[in-house]
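Chemist: File follows, work_19.cif with mmCIF, C-alpha atoms and all ligand atoms:
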data_final
loop_
_atom_site.label_atom_id
_atom_site.label_comp_id
_atom_site.auth_asym_id
_atom_site.auth_seq_id
_atom_site.Cartn_x
_atom_site.Cartn_y
_atom_site.Cartn_z
CA MET A 809 0.00 0.00 0.00
CA ASN A 810 1.33 3.43 -0.89
CA ILE A 811 1.72 5.62 2.20
CA PRO A 812 2.19 9.24 1.09
CA LYS A 813 5.09 11.26 2.51
CA LEU A 814 3.92 14.78 3.36
CA LYS A 815 6.08 17.89 3.12
CA ASN A 816 4.86 19.25 6.50
CA LYS A 817 5.32 17.58 9.89
CA ASP A 818 1.85 18.57 11.13
CA LEU A 819 -1.77 18.97 10.03
CA VAL A 820 -2.75 22.32 11.56
CA THR A 821 -4.95 23.57 8.71
CA VAL A 822 -5.97 22.05 5.37
CA SER A 823 -3.54 24.49 3.73
CA ASP A 824 -0.66 22.43 5.12
CA LEU A 825 -1.49 19.98 2.32
CA SER A 826 -1.13 20.27 -1.45
CA ARG A 827 -3.74 18.95 -3.87
CA ASP A 828 -1.51 15.98 -4.71
CA GLU A 829 -1.05 15.18 -1.03
CA ILE A 830 -4.81 15.30 -0.38
CA MET A 831 -5.49 13.04 -3.36
CA ALA A 832 -2.81 10.58 -2.15
CA ILE A 833 -4.44 10.60 1.31
CA PHE A 834 -7.83 9.91 -0.32
CA ARG A 835 -6.44 6.98 -2.32
CA LEU A 836 -5.01 5.49 0.87
CA THR A 837 -8.30 6.21 2.69
CA ALA A 838 -10.25 4.26 0.07
CA ARG A 839 -7.92 1.25 0.45
CA LEU A 840 -8.02 1.35 4.26
CA LYS A 841 -11.81 1.73 4.25
CA ALA A 842 -12.36 -1.18 1.86
CA ASP A 843 -10.05 -3.39 3.93
CA ALA A 844 -11.62 -2.35 7.27
CA ARG A 845 -15.08 -3.10 5.87
CA ARG A 846 -13.97 -6.72 5.32
CA GLY A 847 -12.31 -6.90 8.72
CA LYS A 848 -8.74 -6.50 7.46
CA HIS A 849 -6.43 -4.13 9.35
CA HIS A 850 -2.81 -3.11 8.84
CA ASP A 851 -0.11 -2.68 11.50
CA PHE A 852 1.27 0.53 9.97
CA LEU A 853 1.45 2.16 13.44
CA TYR A 854 2.45 -0.97 15.38
CA ARG A 855 3.24 -0.03 19.00
CA LYS A 856 2.99 3.68 18.25
CA SER A 857 1.11 5.97 20.62
CA LEU A 858 -1.13 8.95 19.89
CA ALA A 859 -1.85 11.44 22.70
CA MET A 860 -5.26 13.09 22.30
CA ILE A 861 -5.76 16.35 24.21
CA PHE A 862 -9.36 17.51 24.48
CA GLU A 863 -10.11 20.95 25.91
CA LYS A 864 -13.62 20.77 24.35
CA SER A 865 -16.22 17.99 24.17
CA SER A 866 -16.20 15.37 21.42
CA THR A 867 -17.93 12.21 20.29
CA ARG A 868 -16.75 11.63 16.69
CA THR A 869 -13.20 12.96 16.91
CA ARG A 870 -12.38 11.11 20.10
CA VAL A 871 -13.84 7.76 19.07
CA SER A 872 -12.64 7.84 15.46
CA PHE A 873 -9.04 8.73 16.38
CA GLU A 874 -8.87 6.18 19.17
CA THR A 875 -10.43 3.41 17.09
CA GLY A 876 -8.33 4.39 14.09
CA VAL A 877 -5.00 4.11 15.87
CA THR A 878 -6.07 0.76 17.34
CA HIS A 879 -6.92 -0.51 13.82
CA LEU A 880 -3.39 0.45 12.81
CA GLY A 881 -1.74 -1.53 15.63
CA GLY A 882 -1.10 1.44 17.91
CA HIS A 883 -2.53 2.93 21.06
CA ALA A 884 -4.28 6.20 21.95
CA LEU A 885 -4.24 8.13 25.23
CA PHE A 886 -7.22 10.34 26.03
CA LEU A 887 -6.01 13.43 27.91
CA ASP A 888 -8.81 15.60 29.27
CA GLY A 889 -7.63 19.22 29.22
CA ASN A 890 -9.02 19.62 32.74
CA ASP A 891 -6.93 16.75 34.14
CA ILE A 892 -3.48 17.45 32.76
CA GLN A 893 -1.10 20.10 34.14
CA LEU A 894 -1.95 22.45 31.25
CA ARG A 895 -4.97 23.54 33.26
CA ARG A 896 -2.76 24.38 36.24
CA GLY A 897 -0.54 26.61 34.17
CA GLU A 898 2.09 24.34 32.61
CA THR A 899 2.85 26.01 29.30
CA ILE A 900 1.89 24.71 25.87
CA VAL A 901 5.55 24.71 24.90
CA ASP A 902 6.57 22.55 27.87
CA THR A 903 3.58 20.22 27.44
CA ALA A 904 4.39 19.70 23.76
CA LYS A 905 8.06 19.03 24.49
CA VAL A 906 7.29 16.55 27.28
CA LEU A 907 4.66 14.61 25.31
CA SER A 908 7.05 14.42 22.36
CA ARG A 909 9.42 12.38 24.56
CA TYR A 910 6.70 9.73 25.11
CA VAL A 911 4.41 9.49 22.11
CA ASP A 912 4.65 9.34 18.31
CA GLY A 913 1.89 11.84 17.51
CA ILE A 914 -0.42 14.31 19.23
CA MET A 915 -3.98 15.30 18.36
CA ILE A 916 -5.23 18.45 20.03
CA ARG A 917 -8.73 19.97 20.26
CA THR A 918 -8.64 23.41 21.83
CA PHE A 919 -9.99 26.96 21.71
CA SER A 920 -7.44 29.43 20.34
CA HIS A 921 -5.98 28.40 16.99
CA ASP A 922 -2.69 30.03 18.00
CA ASN A 923 -2.36 27.38 20.68
CA VAL A 924 -2.43 24.65 18.03
CA VAL A 925 0.22 26.51 16.03
CA LYS A 926 2.38 26.95 19.14
CA PHE A 927 1.87 23.30 20.09
CA ALA A 928 2.91 22.09 16.64
CA ARG A 929 6.01 24.31 16.63
CA SER A 930 7.08 23.09 20.06
CA ALA A 931 6.43 19.38 19.53
CA THR A 932 9.03 17.28 17.77
CA VAL A 933 6.38 14.69 16.78
CA PRO A 934 3.48 15.28 14.33
CA VAL A 935 0.58 17.36 15.67
CA ILE A 936 -2.94 17.03 14.25
CA ASN A 937 -5.55 19.75 14.79
CA GLY A 938 -8.72 18.03 16.04
CA LEU A 939 -10.61 21.37 15.97
CA SER A 940 -9.77 24.90 17.05
CA ASP A 941 -11.92 28.03 17.08
CA GLU A 942 -10.78 28.71 13.50
CA HIS A 943 -10.21 25.36 11.80
CA HIS A 944 -11.42 21.77 11.62
CA PRO A 945 -9.19 20.21 8.94
CA CYS A 946 -9.97 16.53 9.62
CA GLN A 947 -13.67 17.27 9.20
CA ALA A 948 -13.24 19.02 5.86
CA LEU A 949 -10.99 16.23 4.54
CA ALA A 950 -13.54 13.57 5.58
CA ASP A 951 -16.32 15.61 3.94
CA PHE A 952 -14.51 15.97 0.62
CA PHE A 953 -13.54 12.31 0.70
CA THR A 954 -17.28 11.56 1.13
CA ILE A 955 -18.01 13.63 -1.98
CA TYR A 956 -15.13 12.04 -3.90
CA GLU A 957 -16.39 8.54 -3.09
CA ARG A 958 -19.71 9.43 -4.67
CA GLU A 959 -18.55 11.55 -7.61
CA LYS A 960 -15.08 10.15 -8.43
CA LYS A 961 -14.13 13.73 -9.41
CA PHE A 962 -14.18 17.28 -8.06
CA ARG A 963 -14.26 19.41 -11.21
CA GLY A 964 -17.73 20.90 -11.75
CA ILE A 965 -18.98 19.95 -8.28
CA HIS A 966 -20.67 22.72 -6.32
CA LEU A 967 -20.96 22.83 -2.52
CA ALA A 968 -23.21 25.37 -0.77
CA TYR A 969 -22.64 26.11 2.91
CA ILE A 970 -25.55 27.77 4.72
CA GLY A 971 -25.09 29.34 8.16
CA ASP A 972 -22.31 30.48 10.45
CA GLY A 973 -18.92 31.27 8.89
CA ASN A 974 -17.17 29.22 11.56
CA ASN A 975 -14.22 26.81 11.94
CA VAL A 976 -15.87 24.16 9.75
CA ALA A 977 -16.71 26.73 7.06
CA ASN A 978 -13.09 28.01 7.08
CA SER A 979 -11.70 24.51 6.56
CA LEU A 980 -14.26 23.67 3.84
CA ILE A 981 -13.31 26.88 2.02
CA GLN A 982 -9.59 26.06 2.13
CA CYS A 983 -10.14 22.47 1.01
CA ALA A 984 -12.56 23.38 -1.80
CA ALA A 985 -10.12 25.93 -3.21
CA ILE A 986 -7.21 23.47 -3.16
CA LEU A 987 -9.26 20.66 -4.75
CA GLY A 988 -11.01 22.88 -7.32
CA ILE A 989 -14.58 22.56 -6.03
CA ASN A 990 -16.98 25.50 -6.46
CA ILE A 991 -18.18 26.74 -3.08
CA SER A 992 -20.87 29.27 -2.10
CA ILE A 993 -21.26 30.45 1.47
CA ALA A 994 -24.58 32.00 2.51
CA CYS A 995 -24.25 33.82 5.84
CA PRO A 996 -25.01 37.13 7.55
CA LYS A 997 -22.44 39.93 7.12
CA GLN A 998 -21.31 39.77 10.77
CA TYR A 999 -20.75 36.00 10.65
CA GLU A 1000 -18.71 35.71 7.48
CA PRO A 1001 -15.80 33.27 7.42
CA ASP A 1002 -12.36 34.61 8.36
CA SER A 1003 -11.40 37.26 5.76
CA PHE A 1004 -7.72 36.26 5.68
CA ILE A 1005 -8.70 32.66 4.93
CA VAL A 1006 -11.19 33.78 2.29
CA ASP A 1007 -8.62 36.03 0.54
CA ASN A 1008 -6.05 33.26 0.42
CA ALA A 1009 -8.64 30.75 -0.75
CA ARG A 1010 -9.68 33.10 -3.56
CA ALA A 1011 -6.11 33.12 -4.83
CA GLU A 1012 -5.95 29.33 -4.53
CA ALA A 1013 -9.34 28.95 -6.29
CA ALA A 1014 -8.05 31.09 -9.16
CA ARG A 1015 -5.17 28.62 -9.52
CA SER A 1016 -7.39 25.54 -9.30
CA GLY A 1017 -10.06 27.05 -11.59
CA SER A 1018 -12.95 27.00 -9.10
CA SER A 1019 -15.25 29.66 -7.69
CA LEU A 1020 -15.72 30.99 -4.16
CA VAL A 1021 -18.82 33.10 -3.57
CA ILE A 1022 -20.00 34.72 -0.33
CA THR A 1023 -23.66 35.74 -0.43
CA ARG A 1024 -26.45 36.81 1.91
CA ASP A 1025 -28.94 34.75 -0.09
CA PRO A 1026 -29.36 31.05 0.82
CA GLU A 1027 -31.56 30.42 -2.24
CA ALA A 1028 -28.91 31.76 -4.60
CA ALA A 1029 -26.29 29.59 -2.87
CA VAL A 1030 -28.23 26.32 -3.21
CA LYS A 1031 -29.52 26.95 -6.76
CA ASN A 1032 -26.89 24.85 -8.58
CA ALA A 1033 -25.41 23.04 -5.60
CA HIS A 1034 -24.84 19.28 -5.63
CA TYR A 1035 -24.12 19.31 -1.87
CA ILE A 1036 -25.74 21.56 0.75
CA TYR A 1037 -23.91 21.81 4.06
CA THR A 1038 -24.59 23.38 7.42
CA ASP A 1039 -23.19 23.39 10.95
CA VAL A 1040 -24.44 24.57 14.34
CA TRP A 1041 -25.03 28.27 14.83
CA ILE A 1042 -23.39 28.29 18.25
CA SER A 1043 -19.99 26.61 18.30
CA MET A 1044 -18.31 25.31 21.44
CA GLY A 1045 -17.10 28.26 23.49
CA GLU A 1046 -19.61 30.71 22.00
CA GLU A 1047 -22.44 30.10 24.42
CA LYS A 1048 -22.54 33.76 25.49
CA LYS A 1049 -23.22 34.85 21.91
CA ALA A 1050 -26.17 32.46 21.53
CA ALA A 1051 -29.05 34.97 21.53
CA ALA A 1052 -27.47 37.35 19.00
CA LYS A 1053 -26.36 34.55 16.70
CA LYS A 1054 -29.73 32.78 16.71
CA LYS A 1055 -31.38 36.03 15.68
CA ALA A 1056 -28.91 36.85 12.91
CA LEU A 1057 -28.81 33.29 11.53
CA ALA A 1058 -32.56 32.61 11.59
CA LYS A 1059 -32.93 32.48 7.79
CA TYR A 1060 -29.68 30.53 7.23
CA LYS A 1061 -31.17 27.13 7.83
CA ILE A 1062 -31.56 23.97 5.73
CA THR A 1063 -35.26 23.32 5.35
CA ARG A 1064 -37.36 21.29 2.90
CA GLU A 1065 -38.46 24.61 1.43
CA LEU A 1066 -34.87 25.72 0.80
CA LEU A 1067 -33.97 22.35 -0.75
CA ALA A 1068 -36.91 22.71 -3.14
CA LYS A 1069 -35.21 25.82 -4.62
CA GLY A 1070 -32.19 23.78 -5.68
CA ARG A 1071 -31.38 20.63 -7.64
CA ALA A 1072 -33.68 17.66 -7.07
CA ASP A 1073 -30.65 15.39 -6.62
CA SER A 1074 -28.72 17.54 -4.13
CA ARG A 1075 -27.40 15.88 -0.98
CA VAL A 1076 -27.34 17.33 2.53
CA MET A 1077 -24.24 17.42 4.74
CA HIS A 1078 -23.55 18.32 8.37
CA CYS A 1079 -20.41 17.68 10.43
CA LEU A 1080 -22.58 16.79 13.46
CA PRO A 1081 -23.54 17.15 16.24
CA ALA A 1082 -26.71 18.77 14.83
CA HIS A 1083 -29.23 20.93 16.60
CA ARG A 1084 -32.37 19.57 15.03
CA ASP A 1085 -34.84 22.23 13.88
CA GLU A 1086 -32.31 24.98 14.51
CA GLU A 1087 -29.75 25.09 11.66
CA ILE A 1088 -31.39 22.08 9.95
CA GLU A 1089 -34.88 20.62 9.97
CA GLY A 1090 -34.94 17.23 11.68
CA ALA A 1091 -36.94 15.85 8.73
CA VAL A 1092 -34.15 16.86 6.32
CA LEU A 1093 -31.43 15.34 8.50
CA ASP A 1094 -33.38 12.07 8.63
CA SER A 1095 -34.30 12.05 4.93
CA GLY A 1096 -32.76 10.06 2.08
CA ARG A 1097 -31.02 13.27 0.94
CA SER A 1098 -28.82 13.26 4.05
CA ILE A 1099 -25.30 11.76 3.94
CA VAL A 1100 -24.29 12.90 7.43
CA PHE A 1101 -23.51 9.44 8.79
CA ASP A 1102 -21.25 8.68 5.81
CA GLU A 1103 -19.34 11.85 6.70
CA ALA A 1104 -19.10 10.71 10.32
CA GLU A 1105 -17.86 7.25 9.30
CA ASN A 1106 -15.30 8.72 6.94
CA ARG A 1107 -13.66 10.64 9.78
CA LEU A 1108 -12.33 7.24 10.90
CA HIS A 1109 -10.92 6.21 7.53
CA VAL A 1110 -9.47 9.60 6.52
CA GLN A 1111 -7.81 10.09 9.89
CA LYS A 1112 -6.24 6.63 9.65
CA ALA A 1113 -4.69 7.67 6.33
CA ILE A 1114 -3.55 11.00 7.83
CA MET A 1115 -1.97 9.26 10.83
CA CYS A 1116 -0.16 6.79 8.54
CA ALA A 1117 1.14 9.64 6.38
CA LEU A 1118 2.35 11.67 9.36
CA MET A 1119 3.37 9.02 11.90
CA LYS A 1120 4.65 6.00 9.96
CA LYS A 1121 8.46 6.15 9.73
N1 LIG A 1201 -17.77 16.61 13.93
C1 LIG A 1201 -17.06 16.50 15.06
O1 LIG A 1201 -15.89 16.90 15.14
O2 LIG A 1201 -17.73 15.91 16.09
P1 LIG A 1201 -17.27 15.80 17.60
O3 LIG A 1201 -17.35 17.18 18.21
O4 LIG A 1201 -18.25 14.85 18.21
O5 LIG A 1201 -15.87 15.28 17.65
N1 LIG A 1202 -18.52 24.45 14.73
C1 LIG A 1202 -18.70 23.40 15.70
C2 LIG A 1202 -18.18 22.10 15.15
C3 LIG A 1202 -18.33 20.93 16.08
C4 LIG A 1202 -17.77 19.67 15.51
C5 LIG A 1202 -17.98 23.77 16.98
O1 LIG A 1202 -16.87 24.28 16.93
O2 LIG A 1202 -18.57 23.55 18.06
#
Please go through the file and, once you have read it, give me the structure as structure tokens.

Modeler:
Amino acid sequence: MNIPKLKNKDLVTVSDLSRDEIMAIFRLTARLKADARRGKHHDFLYRKSLAMIFEKSSTRTRVSFETGVTHLGGHALFLDGNDIQLRRGETIVDTAKVLSRYVDGIMIRTFSHDNVVKFARSATVPVINGLSDEHHPCQALADFFTIYEREKKFRGIHLAYIGDGNNVANSLIQCAAILGINISIACPKQYEPDSFIVDNARAEAARSGSSLVITRDPEAAVKNAHYIYTDVWISMGEEKKAAAKKKALAKYKITRELLAKGRADSRVMHCLPAHRDEEIEGAVLDSGRSIVFDEAENRLHVQKAIMCALMKK
């Protein structure tokens, strides 16, 4: 099996990867997924350890990383951010240096994106961003693998994202631009995705020949979309902003009515966890148009490929 060698030590944002590297990861993902489905696993990370630091809650990321490293012959350690010395003031730099003496890779889910950057710089082993306030690269890679599995191509595919311009939106934008997928984001002015990320993605999209549109109009965004994506309006850590965000985002919601304005064969995506009947109607999430559980499953397979690429010597 061909394990890609990546130019960067870490996966902090999707932009750490080139198009060729992402495609190589997807080819490996497809092989690992097919083998896992028939009960076959590979010891590519035999006796290797992955430390997983969680400063925010998780279901998918925690279970898919832990199961994934076990499938590969290795071992994962769950480190609750509230239990380790980080909470009592040990610095990120010292924590990263110490963990690097024990383990072969570190996954971190935290608040400030700068902390992930600092962690990756200080660690001598690969660091994988398992979600920060600004990015969720593993999610975007699993989502585009899910699309690739269905379409076998990216050119001409259109993804519409409806809702908050958050961490997931930022990573989808970066990934779409690198892979050459057209992306439209429908969101209120005050909740647009990060402008620095958008500007860089526009330049990348020009190179890959795809489009990146930011609009206030959900109907315009979904009109030609093959995939229609949303995420929660209130991300972890934003609880205090809940009332203002719910008000501003009220019309940026995936409903049956909105879907009826677009293609009859469009599919619905969500990184989960969903707030039913808030950013997405429960009936839509449960309908045959929804591929949300394929996305969730593919976190496992894509992350296995990422761990092999970063951690296998
Ligand atoms: N989508 C995702 O990252 O889910 P968790 O918060 O459950 O890990
Ligand atoms: N935007 C959400 C994604 C959860 C997986 C959050 O950050 O809470």

Chemist: Residues within 12 Å of ligand LIG 1201 (chain A), counting only C-alpha atoms and all ligand atoms: report them as a short mmCIF file (atom, residue, chain, number, x, y, z; two decimals) with C-alpha atoms, in the coordinates of the input.

Modeler:
data_model
loop_
_atom_site.label_atom_id
_atom_site.label_comp_id
_atom_site.auth_asym_id
_atom_site.auth_seq_id
_atom_site.Cartn_x
_atom_site.Cartn_y
_atom_site.Cartn_z
CA MET A 860 -5.26 13.09 22.30
CA PHE A 862 -9.36 17.51 24.48
CA GLU A 863 -10.11 20.95 25.91
CA LYS A 864 -13.62 20.77 24.35
CA SER A 865 -16.22 17.99 24.17
CA SER A 866 -16.20 15.37 21.42
CA THR A 867 -17.93 12.21 20.29
CA ARG A 868 -16.75 11.63 16.69
CA THR A 869 -13.20 12.96 16.91
CA ARG A 870 -12.38 11.11 20.10
CA VAL A 871 -13.84 7.76 19.07
CA SER A 872 -12.64 7.84 15.46
CA PHE A 873 -9.04 8.73 16.38
CA GLU A 874 -8.87 6.18 19.17
CA MET A 915 -3.98 15.30 18.36
CA ILE A 916 -5.23 18.45 20.03
CA ARG A 917 -8.73 19.97 20.26
CA THR A 918 -8.64 23.41 21.83
CA ASN A 937 -5.55 19.75 14.79
CA GLY A 938 -8.72 18.03 16.04
CA LEU A 939 -10.61 21.37 15.97
CA SER A 940 -9.77 24.90 17.05
CA ASP A 941 -11.92 28.03 17.08
CA HIS A 943 -10.21 25.36 11.80
CA HIS A 944 -11.42 21.77 11.62
CA PRO A 945 -9.19 20.21 8.94
CA CYS A 946 -9.97 16.53 9.62
CA GLN A 947 -13.67 17.27 9.20
CA ALA A 948 -13.24 19.02 5.86
CA LEU A 949 -10.99 16.23 4.54
CA ALA A 950 -13.54 13.57 5.58
CA ASP A 951 -16.32 15.61 3.94
CA ASN A 975 -14.22 26.81 11.94
CA VAL A 976 -15.87 24.16 9.75
CA THR A 1038 -24.59 23.38 7.42
CA ASP A 1039 -23.19 23.39 10.95
CA VAL A 1040 -24.44 24.57 14.34
CA SER A 1043 -19.99 26.61 18.30
CA MET A 1044 -18.31 25.31 21.44
CA MET A 1077 -24.24 17.42 4.74
CA HIS A 1078 -23.55 18.32 8.37
CA CYS A 1079 -20.41 17.68 10.43
CA LEU A 1080 -22.58 16.79 13.46
CA PRO A 1081 -23.54 17.15 16.24
CA ALA A 1082 -26.71 18.77 14.83
CA VAL A 1100 -24.29 12.90 7.43
CA PHE A 1101 -23.51 9.44 8.79
CA ASP A 1102 -21.25 8.68 5.81
CA GLU A 1103 -19.34 11.85 6.70
CA ALA A 1104 -19.10 10.71 10.32
CA GLU A 1105 -17.86 7.25 9.30
CA ASN A 1106 -15.30 8.72 6.94
CA ARG A 1107 -13.66 10.64 9.78
CA LEU A 1108 -12.33 7.24 10.90
CA GLN A 1111 -7.81 10.09 9.89
#

Chemist: Just give me the gap between CA of Arg1010 (chain A) and CA of Cys995 (chain A) in Å, one decimal is fine.

Modeler: 17.4 Å

Chemist: Set the distance at 10 Å and use all atoms listed in the file: which residues neighbour region 1047-1059 of chain A once local chain neighbours fewer than 5 positions away are removed? I'd like the list as a VMD selection string.

Modeler: chain A and resid 970 to 972 994 to 999 1024 to 1026 1041 to 1042 1066 1086 to 1087

Chemist: With only C-alpha atoms as the counted atoms, please give the residues lying no more than 12 Å from Ala1072 (chain A), apart from itself and same-chain residues fewer than 2 positions off, as a PyMOL selection string.

Modeler: chain A and resi 1030-1036+1064-1070+1074-1076+1096-1097

Chemist: In Å, rounded to a single decimal, give me how far CA of Val822 (chain A) is from CA of Pro1001 (chain A).

Modeler: 15.1 Å

Chemist: Separation of CA of Asn1008 (chain A) and CA of Ile981 (chain A), in Å?

Modeler: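 Distance reported for this atom pair: 9.8 Å.
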
Chemist: Hey, which of A:Ala977, A:Ile1062, A:Ile1099, A:Ile1114 ends up closest to ligand LIG 1202 (chain A)? Count only C-alpha atoms and all ligand atoms.

Modeler: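 Checking each candidate against ligand LIG 1202 (chain A), we get A:Ala977 as the closest.
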
Chemist: Nearest to Ile993 (chain A): which of A:Asp891, A:Glu942, A:Glu829, A:Glu1027 is it, counting all atoms listed in the file?

Modeler: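 Closest residue, counting all atoms listed in the file: A:Glu1027.
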
Chemist: Please rebuild region 1075-1086 of chain A with N, CA, C and O atoms and give the result as a PDB file, keeping the file's coordinate frame.

Modeler:
ATOM      1  N   ARG A1075     -27.555  16.635  -2.221  1.00  0.00           N
ATOM      2  CA  ARG A1075     -27.400  15.880  -0.980  1.00  0.00           C
ATOM      3  C   ARG A1075     -27.069  16.846   0.156  1.00  0.00           C
ATOM      4  O   ARG A1075     -26.463  17.884  -0.063  1.00  0.00           O
ATOM      5  N   VAL A1076     -27.472  16.444   1.368  1.00  0.00           N
ATOM      6  CA  VAL A1076     -27.340  17.330   2.530  1.00  0.00           C
ATOM      7  C   VAL A1076     -26.212  16.829   3.444  1.00  0.00           C
ATOM      8  O   VAL A1076     -26.125  15.628   3.720  1.00  0.00           O
ATOM      9  N   MET A1077     -25.384  17.773   3.891  1.00  0.00           N
ATOM     10  CA  MET A1077     -24.240  17.420   4.740  1.00  0.00           C
ATOM     11  C   MET A1077     -24.238  18.235   6.025  1.00  0.00           C
ATOM     12  O   MET A1077     -24.714  19.363   6.062  1.00  0.00           O
ATOM     13  N   HIS A1078     -23.666  17.654   7.060  1.00  0.00           N
ATOM     14  CA  HIS A1078     -23.550  18.320   8.370  1.00  0.00           C
ATOM     15  C   HIS A1078     -22.420  17.593   9.102  1.00  0.00           C
ATOM     16  O   HIS A1078     -22.385  16.358   9.105  1.00  0.00           O
ATOM     17  N   CYS A1079     -21.534  18.356   9.743  1.00  0.00           N
ATOM     18  CA  CYS A1079     -20.410  17.680  10.430  1.00  0.00           C
ATOM     19  C   CYS A1079     -20.872  16.942  11.671  1.00  0.00           C
ATOM     20  O   CYS A1079     -20.169  16.055  12.156  1.00  0.00           O
ATOM     21  N   LEU A1080     -22.045  17.327  12.205  1.00  0.00           N
ATOM     22  CA  LEU A1080     -22.580  16.790  13.460  1.00  0.00           C
ATOM     23  C   LEU A1080     -21.669  17.184  14.628  1.00  0.00           C
ATOM     24  O   LEU A1080     -20.468  17.293  14.421  1.00  0.00           O
ATOM     25  N   PRO A1081     -22.150  17.364  15.837  1.00  0.00           N
ATOM     26  CA  PRO A1081     -23.540  17.150  16.240  1.00  0.00           C
ATOM     27  C   PRO A1081     -24.477  18.242  15.693  1.00  0.00           C
ATOM     28  O   PRO A1081     -24.065  19.394  15.586  1.00  0.00           O
ATOM     29  N   ALA A1082     -25.725  17.834  15.378  1.00  0.00           N
ATOM     30  CA  ALA A1082     -26.710  18.770  14.830  1.00  0.00           C
ATOM     31  C   ALA A1082     -27.649  19.250  15.935  1.00  0.00           C
ATOM     32  O   ALA A1082     -27.910  18.512  16.892  1.00  0.00           O
ATOM     33  N   HIS A1083     -28.132  20.455  15.759  1.00  0.00           N
ATOM     34  CA  HIS A1083     -29.230  20.930  16.600  1.00  0.00           C
ATOM     35  C   HIS A1083     -30.472  20.884  15.732  1.00  0.00           C
ATOM     36  O   HIS A1083     -30.717  21.797  14.940  1.00  0.00           O
ATOM     37  N   ARG A1084     -31.199  19.781  15.867  1.00  0.00           N
ATOM     38  CA  ARG A1084     -32.370  19.570  15.030  1.00  0.00           C
ATOM     39  C   ARG A1084     -33.351  20.721  15.143  1.00  0.00           C
ATOM     40  O   ARG A1084     -33.613  21.209  16.235  1.00  0.00           O
ATOM     41  N   ASP A1085     -33.860  21.153  13.998  1.00  0.00           N
ATOM     42  CA  ASP A1085     -34.840  22.230  13.880  1.00  0.00           C
ATOM     43  C   ASP A1085     -34.267  23.594  14.243  1.00  0.00           C
ATOM     44  O   ASP A1085     -35.005  24.561  14.359  1.00  0.00           O
ATOM     45  N   GLU A1086     -32.932  23.665  14.405  1.00  0.00           N
ATOM     46  CA  GLU A1086     -32.310  24.980  14.510  1.00  0.00           C
ATOM     47  C   GLU A1086     -31.649  25.256  13.153  1.00  0.00           C
ATOM     48  O   GLU A1086     -32.302  25.783  12.263  1.00  0.00           O
TER      49      GLU A1086
END
